[in-house]
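Chemist: So that you have it, the file is protein.cif, and it contains mmCIF, N, CA and C atoms and all ligand atoms:
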```cif
data_run
#
loop_
_atom_site.label_atom_id
_atom_site.label_comp_id
_atom_site.auth_asym_id
_atom_site.auth_seq_id
_atom_site.Cartn_x
_atom_site.Cartn_y
_atom_site.Cartn_z
N MET A 1 -7.45 -31.63 -18.47
CA MET A 1 -6.18 -31.06 -17.97
C MET A 1 -6.10 -29.58 -18.30
N LYS A 2 -6.46 -29.27 -19.53
CA LYS A 2 -6.39 -27.88 -19.97
C LYS A 2 -7.31 -27.01 -19.11
N LYS A 3 -8.47 -27.59 -18.80
CA LYS A 3 -9.45 -26.84 -18.02
C LYS A 3 -8.91 -26.54 -16.61
N VAL A 4 -8.24 -27.54 -16.06
CA VAL A 4 -7.67 -27.38 -14.72
C VAL A 4 -6.66 -26.24 -14.72
N LEU A 5 -5.82 -26.21 -15.74
CA LEU A 5 -4.79 -25.17 -15.83
C LEU A 5 -5.43 -23.79 -15.96
N LEU A 6 -6.47 -23.72 -16.75
CA LEU A 6 -7.14 -22.43 -16.93
C LEU A 6 -7.76 -21.95 -15.62
N THR A 7 -8.35 -22.89 -14.90
CA THR A 7 -8.97 -22.55 -13.62
C THR A 7 -7.91 -22.05 -12.65
N LEU A 8 -6.78 -22.75 -12.68
CA LEU A 8 -5.68 -22.38 -11.81
C LEU A 8 -5.17 -20.98 -12.14
N ALA A 9 -5.03 -20.71 -13.43
CA ALA A 9 -4.55 -19.40 -13.87
C ALA A 9 -5.51 -18.30 -13.44
N ALA A 10 -6.80 -18.60 -13.54
CA ALA A 10 -7.82 -17.62 -13.15
C ALA A 10 -7.74 -17.36 -11.66
N PHE A 11 -7.49 -18.45 -10.91
CA PHE A 11 -7.41 -18.32 -9.46
C PHE A 11 -6.21 -17.46 -9.06
N ILE A 12 -5.09 -17.72 -9.71
CA ILE A 12 -3.87 -16.97 -9.39
C ILE A 12 -4.03 -15.49 -9.70
N SER A 13 -4.61 -15.18 -10.85
CA SER A 13 -4.77 -13.77 -11.20
C SER A 13 -5.74 -13.09 -10.25
N LEU A 14 -6.71 -13.85 -9.76
CA LEU A 14 -7.67 -13.29 -8.81
C LEU A 14 -7.00 -13.03 -7.46
N ALA A 15 -6.16 -13.99 -7.05
CA ALA A 15 -5.52 -13.90 -5.75
C ALA A 15 -4.52 -12.74 -5.71
N SER A 16 -3.95 -12.41 -6.87
CA SER A 16 -2.94 -11.36 -6.86
C SER A 16 -3.49 -10.03 -7.35
N ALA A 17 -4.82 -9.94 -7.44
CA ALA A 17 -5.43 -8.69 -7.89
C ALA A 17 -5.08 -7.56 -6.93
N ASP A 18 -4.87 -6.42 -7.47
CA ASP A 18 -4.49 -5.28 -6.64
C ASP A 18 -5.66 -4.35 -6.40
N GLU A 19 -5.61 -3.69 -5.28
CA GLU A 19 -6.55 -2.61 -5.05
C GLU A 19 -5.76 -1.38 -4.63
N LEU A 20 -6.35 -0.24 -4.82
CA LEU A 20 -5.66 1.01 -4.53
C LEU A 20 -6.22 1.61 -3.24
N VAL A 21 -5.34 1.93 -2.32
CA VAL A 21 -5.76 2.51 -1.05
C VAL A 21 -5.14 3.90 -0.93
N ASN A 22 -5.96 4.87 -0.56
CA ASN A 22 -5.47 6.23 -0.37
C ASN A 22 -5.28 6.53 1.10
N LEU A 23 -4.09 7.01 1.43
CA LEU A 23 -3.80 7.34 2.82
C LEU A 23 -3.46 8.81 2.94
N LYS A 24 -3.90 9.40 4.03
CA LYS A 24 -3.51 10.76 4.34
C LYS A 24 -2.32 10.68 5.29
N ILE A 25 -1.21 11.29 4.90
CA ILE A 25 0.01 11.21 5.71
C ILE A 25 0.32 12.58 6.30
N GLU A 26 0.54 12.61 7.59
CA GLU A 26 0.87 13.88 8.23
C GLU A 26 2.30 13.90 8.73
N GLY A 27 2.95 15.06 8.58
CA GLY A 27 4.28 15.24 9.15
C GLY A 27 5.43 15.11 8.17
N MET A 28 5.13 14.87 6.90
CA MET A 28 6.22 14.78 5.91
C MET A 28 6.67 16.19 5.54
N MET A 29 8.00 16.44 5.73
CA MET A 29 8.53 17.77 5.48
C MET A 29 9.44 17.85 4.26
N CYS A 30 10.04 16.73 3.90
CA CYS A 30 11.03 16.75 2.82
C CYS A 30 11.06 15.40 2.12
N PRO A 31 11.81 15.32 1.01
CA PRO A 31 11.87 14.06 0.26
C PRO A 31 12.34 12.88 1.10
N ALA A 32 13.18 13.16 2.11
CA ALA A 32 13.66 12.05 2.95
C ALA A 32 12.50 11.45 3.74
N CYS A 33 11.58 12.32 4.17
CA CYS A 33 10.39 11.84 4.89
C CYS A 33 9.56 10.96 3.95
N ALA A 34 9.38 11.44 2.73
CA ALA A 34 8.58 10.70 1.75
C ALA A 34 9.19 9.32 1.51
N LYS A 35 10.53 9.30 1.48
CA LYS A 35 11.23 8.03 1.25
C LYS A 35 11.00 7.09 2.42
N THR A 36 11.07 7.65 3.64
CA THR A 36 10.85 6.83 4.83
C THR A 36 9.46 6.23 4.82
N VAL A 37 8.46 7.06 4.47
CA VAL A 37 7.07 6.60 4.43
C VAL A 37 6.91 5.52 3.35
N LYS A 38 7.53 5.77 2.21
CA LYS A 38 7.45 4.80 1.10
C LYS A 38 8.01 3.45 1.53
N GLU A 39 9.15 3.50 2.22
CA GLU A 39 9.80 2.26 2.64
C GLU A 39 8.98 1.54 3.71
N SER A 40 8.38 2.32 4.60
CA SER A 40 7.59 1.69 5.65
C SER A 40 6.36 1.00 5.05
N LEU A 41 5.77 1.65 4.04
CA LEU A 41 4.61 1.04 3.37
C LEU A 41 5.02 -0.19 2.57
N GLY A 42 6.21 -0.10 1.96
CA GLY A 42 6.71 -1.22 1.17
C GLY A 42 6.98 -2.46 2.01
N GLY A 43 7.16 -2.25 3.32
CA GLY A 43 7.44 -3.37 4.20
C GLY A 43 6.19 -4.08 4.68
N VAL A 44 5.01 -3.54 4.33
CA VAL A 44 3.75 -4.17 4.76
C VAL A 44 3.42 -5.33 3.81
N LYS A 45 3.09 -6.47 4.40
CA LYS A 45 2.77 -7.65 3.60
C LYS A 45 1.57 -7.36 2.69
N GLY A 46 1.73 -7.66 1.42
CA GLY A 46 0.64 -7.46 0.46
C GLY A 46 0.79 -6.21 -0.37
N VAL A 47 1.59 -5.27 0.13
CA VAL A 47 1.79 -4.01 -0.60
C VAL A 47 2.79 -4.23 -1.74
N SER A 48 2.40 -3.82 -2.94
CA SER A 48 3.31 -4.01 -4.07
C SER A 48 3.93 -2.70 -4.52
N GLU A 49 3.23 -1.60 -4.23
CA GLU A 49 3.76 -0.32 -4.67
C GLU A 49 3.15 0.81 -3.85
N ALA A 50 3.97 1.79 -3.52
CA ALA A 50 3.45 2.95 -2.79
C ALA A 50 3.95 4.23 -3.46
N SER A 51 3.02 5.08 -3.86
CA SER A 51 3.38 6.38 -4.42
C SER A 51 3.13 7.44 -3.38
N ILE A 52 4.14 8.24 -3.11
CA ILE A 52 4.02 9.26 -2.07
C ILE A 52 3.90 10.64 -2.71
N TYR A 53 2.93 11.40 -2.27
CA TYR A 53 2.76 12.77 -2.75
C TYR A 53 3.06 13.71 -1.59
N LEU A 54 4.32 14.14 -1.56
CA LEU A 54 4.84 14.92 -0.44
C LEU A 54 4.05 16.19 -0.19
N LYS A 55 3.88 17.00 -1.24
CA LYS A 55 3.21 18.29 -1.07
C LYS A 55 1.75 18.15 -0.67
N GLU A 56 1.12 17.09 -1.18
CA GLU A 56 -0.30 16.88 -0.87
C GLU A 56 -0.50 16.12 0.43
N GLY A 57 0.59 15.59 0.98
CA GLY A 57 0.51 14.84 2.22
C GLY A 57 -0.35 13.61 2.10
N ARG A 58 -0.11 12.88 1.03
CA ARG A 58 -0.89 11.64 0.89
C ARG A 58 -0.07 10.57 0.19
N ALA A 59 -0.62 9.36 0.24
CA ALA A 59 0.03 8.22 -0.39
C ALA A 59 -1.01 7.38 -1.10
N GLU A 60 -0.62 6.84 -2.24
CA GLU A 60 -1.46 5.91 -2.97
C GLU A 60 -0.77 4.57 -2.92
N VAL A 61 -1.44 3.60 -2.33
CA VAL A 61 -0.81 2.31 -2.12
C VAL A 61 -1.51 1.22 -2.93
N LYS A 62 -0.71 0.50 -3.70
CA LYS A 62 -1.22 -0.63 -4.45
C LYS A 62 -0.96 -1.86 -3.62
N ALA A 63 -2.00 -2.61 -3.32
CA ALA A 63 -1.83 -3.77 -2.47
C ALA A 63 -2.75 -4.90 -2.90
N ALA A 64 -2.38 -6.11 -2.53
CA ALA A 64 -3.21 -7.27 -2.83
C ALA A 64 -4.56 -7.10 -2.16
N THR A 65 -5.60 -7.55 -2.83
CA THR A 65 -6.94 -7.46 -2.27
C THR A 65 -6.98 -8.11 -0.90
N GLY A 66 -7.57 -7.40 0.06
CA GLY A 66 -7.68 -7.94 1.40
C GLY A 66 -6.63 -7.40 2.35
N THR A 67 -5.63 -6.68 1.80
CA THR A 67 -4.63 -6.07 2.67
C THR A 67 -5.30 -4.96 3.47
N LYS A 68 -5.11 -5.01 4.77
CA LYS A 68 -5.83 -4.05 5.62
C LYS A 68 -5.16 -2.67 5.61
N PRO A 69 -5.92 -1.63 5.29
CA PRO A 69 -5.38 -0.27 5.31
C PRO A 69 -4.84 0.08 6.69
N ALA A 70 -5.45 -0.47 7.73
CA ALA A 70 -5.00 -0.18 9.10
C ALA A 70 -3.57 -0.67 9.31
N ALA A 71 -3.21 -1.78 8.68
CA ALA A 71 -1.85 -2.31 8.80
C ALA A 71 -0.87 -1.36 8.13
N MET A 72 -1.31 -0.75 7.02
CA MET A 72 -0.46 0.22 6.33
C MET A 72 -0.22 1.43 7.22
N CYS A 73 -1.29 1.92 7.84
CA CYS A 73 -1.20 3.10 8.70
C CYS A 73 -0.33 2.81 9.92
N ASP A 74 -0.43 1.60 10.44
CA ASP A 74 0.39 1.22 11.59
C ASP A 74 1.87 1.35 11.24
N ALA A 75 2.22 0.90 10.03
CA ALA A 75 3.62 0.96 9.59
C ALA A 75 4.07 2.41 9.47
N VAL A 76 3.21 3.26 8.92
CA VAL A 76 3.55 4.67 8.76
C VAL A 76 3.72 5.34 10.13
N LYS A 77 2.83 5.01 11.05
CA LYS A 77 2.89 5.59 12.39
C LYS A 77 4.16 5.14 13.12
N LYS A 78 4.51 3.87 12.89
CA LYS A 78 5.72 3.33 13.51
C LYS A 78 6.95 4.11 13.01
N ALA A 79 6.87 4.58 11.77
CA ALA A 79 7.99 5.34 11.19
C ALA A 79 7.99 6.78 11.69
N GLY A 80 6.94 7.17 12.42
CA GLY A 80 6.92 8.49 13.03
C GLY A 80 6.02 9.51 12.37
N TYR A 81 5.11 9.08 11.52
CA TYR A 81 4.22 10.02 10.83
C TYR A 81 2.77 9.72 11.13
N GLY A 82 1.95 10.75 10.95
CA GLY A 82 0.52 10.56 11.18
C GLY A 82 -0.09 9.91 9.95
N CYS A 83 -1.12 9.11 10.16
CA CYS A 83 -1.73 8.43 9.03
C CYS A 83 -3.22 8.21 9.25
N ALA A 84 -3.98 8.44 8.20
CA ALA A 84 -5.41 8.16 8.25
C ALA A 84 -5.83 7.61 6.89
N VAL A 85 -6.76 6.68 6.91
CA VAL A 85 -7.25 6.13 5.66
C VAL A 85 -8.31 7.07 5.10
N SER A 86 -8.11 7.52 3.86
CA SER A 86 -9.11 8.40 3.27
C SER A 86 -9.95 7.61 2.28
N LYS A 87 -11.17 7.99 2.15
CA LYS A 87 -12.09 7.26 1.29
C LYS A 87 -11.94 7.65 -0.15
CU CU A 101 12.04 15.01 6.10
#
```
Please render this file's structure as structure tokens.

Modeler:
Amino acid sequence: MKKVLLTLAAFISLASADELVNLKIEGMMCPACAKTVKESLGGVKGVSEASIYLKEGRAEVKAATGTKPAAMCDAVKKAGYGCAVSK
């Protein structure tokens, strides 16, 4: 029984592991833009946290492993900003 629980715990921690994705965001002019981008990224399934760097025109997104960066960019574009996945 104990072994089963441990395996389960390992599985859960693996399933919720985060990865960091860097996005290049174009068109952000002010903090309100940054907020809009942050909210649009936060609405993407799997995303747990988005840090927006207004002056640098980029975003660092923490998301569950397997979350597609393209889905993140789609959300940003829908909000009216340019987006590209940077390596
Ligand atoms: Cu703005």

Chemist: Could you report the residues within 7 Å of ligand CU 101 (chain A), using all atoms listed in the file, as an mmCIF file with N, CA and C atoms, keeping the file's coordinate frame?

Modeler:
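Okay, this is what ended up in out-v4.cif:
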```
data_model
loop_
_atom_site.group_PDB
_atom_site.id
_atom_site.type_symbol
_atom_site.label_atom_id
_atom_site.label_comp_id
_atom_site.auth_asym_id
_atom_site.auth_seq_id
_atom_site.Cartn_x
_atom_site.Cartn_y
_atom_site.Cartn_z
ATOM 1 N N GLY A 27 2.950 15.060 8.580
ATOM 2 C CA GLY A 27 4.280 15.240 9.150
ATOM 3 C C GLY A 27 5.430 15.110 8.170
ATOM 4 N N MET A 28 5.130 14.870 6.900
ATOM 5 C CA MET A 28 6.220 14.780 5.910
ATOM 6 C C MET A 28 6.670 16.190 5.540
ATOM 7 N N MET A 29 8.000 16.440 5.730
ATOM 8 C CA MET A 29 8.530 17.770 5.480
ATOM 9 C C MET A 29 9.440 17.850 4.260
ATOM 10 N N CYS A 30 10.040 16.730 3.900
ATOM 11 C CA CYS A 30 11.030 16.750 2.820
ATOM 12 C C CYS A 30 11.060 15.400 2.120
ATOM 13 N N PRO A 31 11.810 15.320 1.010
ATOM 14 C CA PRO A 31 11.870 14.060 0.260
ATOM 15 C C PRO A 31 12.340 12.880 1.100
ATOM 16 N N ALA A 32 13.180 13.160 2.110
ATOM 17 C CA ALA A 32 13.660 12.050 2.950
ATOM 18 C C ALA A 32 12.500 11.450 3.740
ATOM 19 N N CYS A 33 11.580 12.320 4.170
ATOM 20 C CA CYS A 33 10.390 11.840 4.890
ATOM 21 C C CYS A 33 9.560 10.960 3.950
ATOM 22 N N ALA A 34 9.380 11.440 2.730
ATOM 23 C CA ALA A 34 8.580 10.700 1.750
ATOM 24 C C ALA A 34 9.190 9.320 1.510
#
```

Chemist: I'd like the interatomic distance between atom CA of Ser86 of chain A and atom N of Val61 of chain A, to a tenth of an Å.

Modeler: 10.6 Å

Chemist: Using only N, CA and C atoms, which of the listed residues (A:Gly66, A:Gly82, A:Gly42, A:Gly57) sits closest to Ala17 of chain A?

Modeler: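 Looking only at the distances to Ala17 of chain A, the closest residue turns out to be A:Gly66.
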
Chemist: If you count all atoms listed in the file, which residues fall within 6 Å of Val76 of chain A, apart from same-chain ones fewer than 4 positions away, as a list of chain:residue names?

Modeler: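 The residues that qualify are A:Val37, A:Ser40, A:Leu41, A:Met72, A:Gly80, A:Tyr81, A:Gly82.
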
Chemist: Restricting the calculation to all atoms listed in the file: of A:Ala84, A:Thr36, A:Gly46, A:Glu56, which residue gets closest to Leu23 of chain A?

Modeler: A:Ala84

Chemist: Given the choices A:Cys73, A:Val21, A:Val85, A:Ala64, which gets closest to Ser48 of chain A if the distance is worked out from all atoms listed in the file?

Modeler: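 Ranked by minimum distance to Ser48 of chain A, first place goes to A:Ala64.
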
Chemist: Could you jot down the atom N of Ile25 of chain A to atom CA of Lys45 of chain A separation for me, Å, one decimal place?

Modeler: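 Here the two named atoms are 19.4 Å from each other.
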
Chemist: Give me, as a ChimeraX atom specification, the residues of chain A that a backbone DSSP run labels strand (DSSP E).

Modeler: /A:18-26,47-53,58-64,82-86

Chemist: Please, which residues of chain A, numbered as in this document, come out alpha helix (DSSP H) from DSSP, as a ChimeraX atom specification?

Modeler: /A:2-15,31-42,69-78

Chemist: For a test of reading the model, state the distance in Å between atom C of Lys35 of chain A and atom N of Asp18 of chain A, rounded to one decimal.

Modeler: 23.1 Å

Chemist: Return as lines of an AutoDock Vina configuration file the box centre and box size in Å, one decimal, for an axis-aligned box around all listed atoms of segment 38-50 of chain A padded by 6 Å per side.

Modeler:
```
center_x = 5.2
center_y = -0.9
center_z = 0.5
size_x = 21.2
size_y = 25.4
size_z = 22.3
```
